[in-house]
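Engineer: Below is a structure I'd like to ask you about.
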Amino acid sequence: MKDKDFERLPMDERFLILLHKKIMDKTGSAKRRAKKYYMDQYRKTGVIPKPLLLASQGIMEGRKCSGRRRVLTEKIQKRFIEMVKASSDPLDDRFVFITRHGRTIKNYHAWLEQEFNRKISLGALRRFARQAHLKVYLEKPDFEEEADPGVCFQDEPVFDLIQMDGCKFRYLKIRWGKGAWAKPQVIEFFDTGSRFMLVLEAYFSESSLNAVDLFEKFLVSTPFPAKKIRLRPDNAKGFVNLKRPINELNIKFSLPGGFYLQPDFSRIHAPKDKAHLESSHRSIHHFEMRIIKHFEDRIAKTEPGYIYRNGKKEKITVTYLDIDLETLRQSDLLESYRRQHNEQKHYYSVNGKTSAWVPKEKFDAGLAQCERLTFGADDVRHFAKYGYDKIKATVGAKGIITFNNQTYHVAVGAQHFSRHKSTKVYISDLGDKLFIFEHKENGILLGEALRREPYEKPVNQAVAEPNAVELISAYLQEKKMAVDRPRLIDIHLRGLTLDAAKAIYRQNRKRYIAYAIKLRQPDAITGKALFNAFILDCERQLSNNPLVEYAPCSENKVL
């Protein structure tokens, strides 16, 4: 609206328009109070208040709107700043040094009134101190205080405290299954004393299976000092399940005054317990850009996404890479990042002081002072079984477990279960196989059960070594036999071993070949017939050398 048109409007309308301009940026009670104040003024005087007239010119400051001069002149402001800064520095001769607890606004107020010989608003002085950010000088300590060890990162000897945690990627997604995309996340083991990154691997979740897999890699790939070591994982459910494998490891390898792995889980909602590792995660997010650049020819699309920084939602770009998890692992990018972290100098805070060192050099130097202990793959494979999620189940009188609408037959450890009544147990599900544990919180491993029909697609059992039944089954399948698992399990429990199965096959090999040629049937039918013939030969062999059913033998012992 032009000024001429505005002046032609009635005064009431001009007042309402100017009032709107004055309070349009306010909200809540501030807006209501300002509206009431100016409407009361207009009713009393019948004149539009000057602050509203100045608001139409863009002048919104209170004192300018009212036409009043500043409470604090420019000279007073400059002298006040000079007083505060000089009084906090013993070497500054512009004003006498004042101890920390004596630097109050009231004192400066009195000194300013005395120096300028005039009254000064104490409230205005307090407001100006906040605006000029003088708090840092008002609260500056008299002496350079040494850092309080209670609030600093304590120095930890090498391999005294190992931290474990996961970090999900922010800026990229990769293929997960058929048609699905997901952000991978890395899980790492980290030595607090040297900041050496021991193991780093990518997964899609912090599940028990993934935690156990990385724990096994950590044990196999790392030389351990023969001393007490605290392992501090996060309180994620998959990590908590590591308590039992750690206990089994200690039972077998711990000695007085020697190796001992102590679970030292971080507290819930206490990120300071693993602050060193959380800090290193920031560089992982920066490293995502190098992963995107490496696979730039595999970029499928980009989409907007969101992250939260200090409680605020921030919009970002998420890049979709047409690769799977195995491709990411085989690219050696993660291992390159781990080497780069371990072999470059970094600055760290310890006991309140900043120091610089190369993690690998400090780790090697610390480890060289201790007697070392190493674990082989066979040593740790057994412990890994205890790290999976446990589920309540029941072993029937016939050695059968029904789980997820599937039937499983006990293949190892059948002697531990009653043949007359059901037995309550805990099981860990690996799809094609179940591990069976005592019905206790920390029960020992009793045996294994196999699914009646094997899965057509492969099942992730990387950390579970095959049992005797699986080895016999694989051998017979190589010989073109269609294996019936329940019958094979039954004959195994009666005493059939892998060596015996191989011997029986070698003895009857020519007869099996002749039988297959004579049948002239499809492979499926021929495979069943050969397996039936093999079972008959096994029963004949066992009848000549009878064994007591469910008797313990070398392949049925507790694992």
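In the structure tokens, chains take the letters A, B, ... in the order shown, each chain's residues start at 1, and ligands count up from 1 in the order shown.
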Could you find all residues in segment 389-536 of chain A that DSSP calls alpha helix (DSSP H) from the backbone, and write them as a ChimeraX atom specification?

Structural biologist: /A:468-478,485-493,498-519,523-536

Engineer: Contacts of Arg372 of chain A at 7 Å or less, counting only C-alpha atoms, minus same-chain residues fewer than 5 places along, as a PyMOL selection string?

Structural biologist: chain A and resi 223-226

Engineer: Give me a file of those residues, with N, CA and C atoms, as a tab-separated table (two decimals), in the first residue's frame.

Structural biologist:
```
chain	number	residue	atom	x	y	z
A	223	PRO	N	46.98	-61.68	18.86
A	223	PRO	CA	47.78	-62.27	19.94
A	223	PRO	C	47.39	-61.62	21.27
A	224	PHE	N	47.16	-62.43	22.29
A	224	PHE	CA	46.69	-61.93	23.57
A	224	PHE	C	47.81	-61.98	24.61
A	225	PRO	N	47.93	-60.95	25.45
A	225	PRO	CA	48.89	-61.02	26.56
A	225	PRO	C	48.34	-61.91	27.67
A	226	ALA	N	49.21	-62.57	28.36
A	226	ALA	CA	48.81	-63.47	29.45
A	226	ALA	C	48.55	-62.65	30.70
```

Engineer: Expressed in Å to a single decimal, how great is the separation between atom CA of Arg309 of chain A and atom CA of Asp234 of chain A?

Structural biologist: 21.4 Å

Engineer: Please provide as an MDAnalysis selection string all residues within 8 Å of Leu214 of chain A, with the sequence filter that same-chain residues fewer than 5 positions apart are discarded (counting only C-alpha atoms).

Structural biologist: chainID A and resid 187 199 201

Engineer: Measuring atom to atom with only C-alpha atoms, identify which of A:Gly495, A:Gly238, A:Gly352, A:Pro359 is nearest to Met197 of chain A.

Structural biologist: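 Of all the options, A:Pro359 lies closest to Met197 of chain A.
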
Engineer: Excluding segment 514-516 of chain A and any residue of its chain fewer than 5 positions from it, enumerate the residues within 9 Å of it, using only C-alpha atoms, and give them as a list in words.

Structural biologist: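 My list of contacting residues is Arg509, Gln521, Thr526, Gly527, Ala529 and Leu530 of chain A.
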
Engineer: Just list the residues in segment 109-230 of chain A DSSP gives strand (DSSP E) on the backbone, as a ChimeraX atom specification.

Structural biologist: /A:161-168,172-175,181-182,185-191,196-203,224-225,228-230

Engineer: Fewer than 3 positions away in the same chain doesn't count, so skip those; otherwise give me all residues within 6 Å of Gly387 of chain A, counting only C-alpha atoms, as number ranges by chain.

Structural biologist: A: 212, 241-242, 245, 384

Engineer: Find the spatial neighbours of Pro49 of chain A, counting only C-alpha atoms, within a cut-off of 9 Å - ignore same-chain residues fewer than 3 positions away - and output them as a list in words.

Structural biologist: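 Once the nearby chain positions are removed, what remains is Phe15, Tyr38, Gln41, Tyr42, Thr45, Leu52, Leu53 and Ser66 of chain A.
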
Engineer: A:Lys421, A:Arg511, A:Arg130, A:His20: which is nearest Ala55 of chain A, counting only C-alpha atoms?

Structural biologist: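 Looking only at the distances to Ala55 of chain A, the closest residue turns out to be A:His20.
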
Engineer: May I ask which of the residues A:Glu441, A:Glu13, A:Asp429, A:Asp378 is the closest one to Val220 of chain A, counting only C-alpha atoms?

Structural biologist: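 Between A:Glu441, A:Glu13, A:Asp429, A:Asp378, the residue approaching Val220 of chain A most closely is A:Asp378.
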
Engineer: Please report the interatomic distance between atom CA of Asp165 of chain A and atom CA of Asp389 of chain A in Å with one decimal.

Structural biologist: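 Interatomic distance, atom CA of Asp165 of chain A to atom CA of Asp389 of chain A: 18.4 Å.
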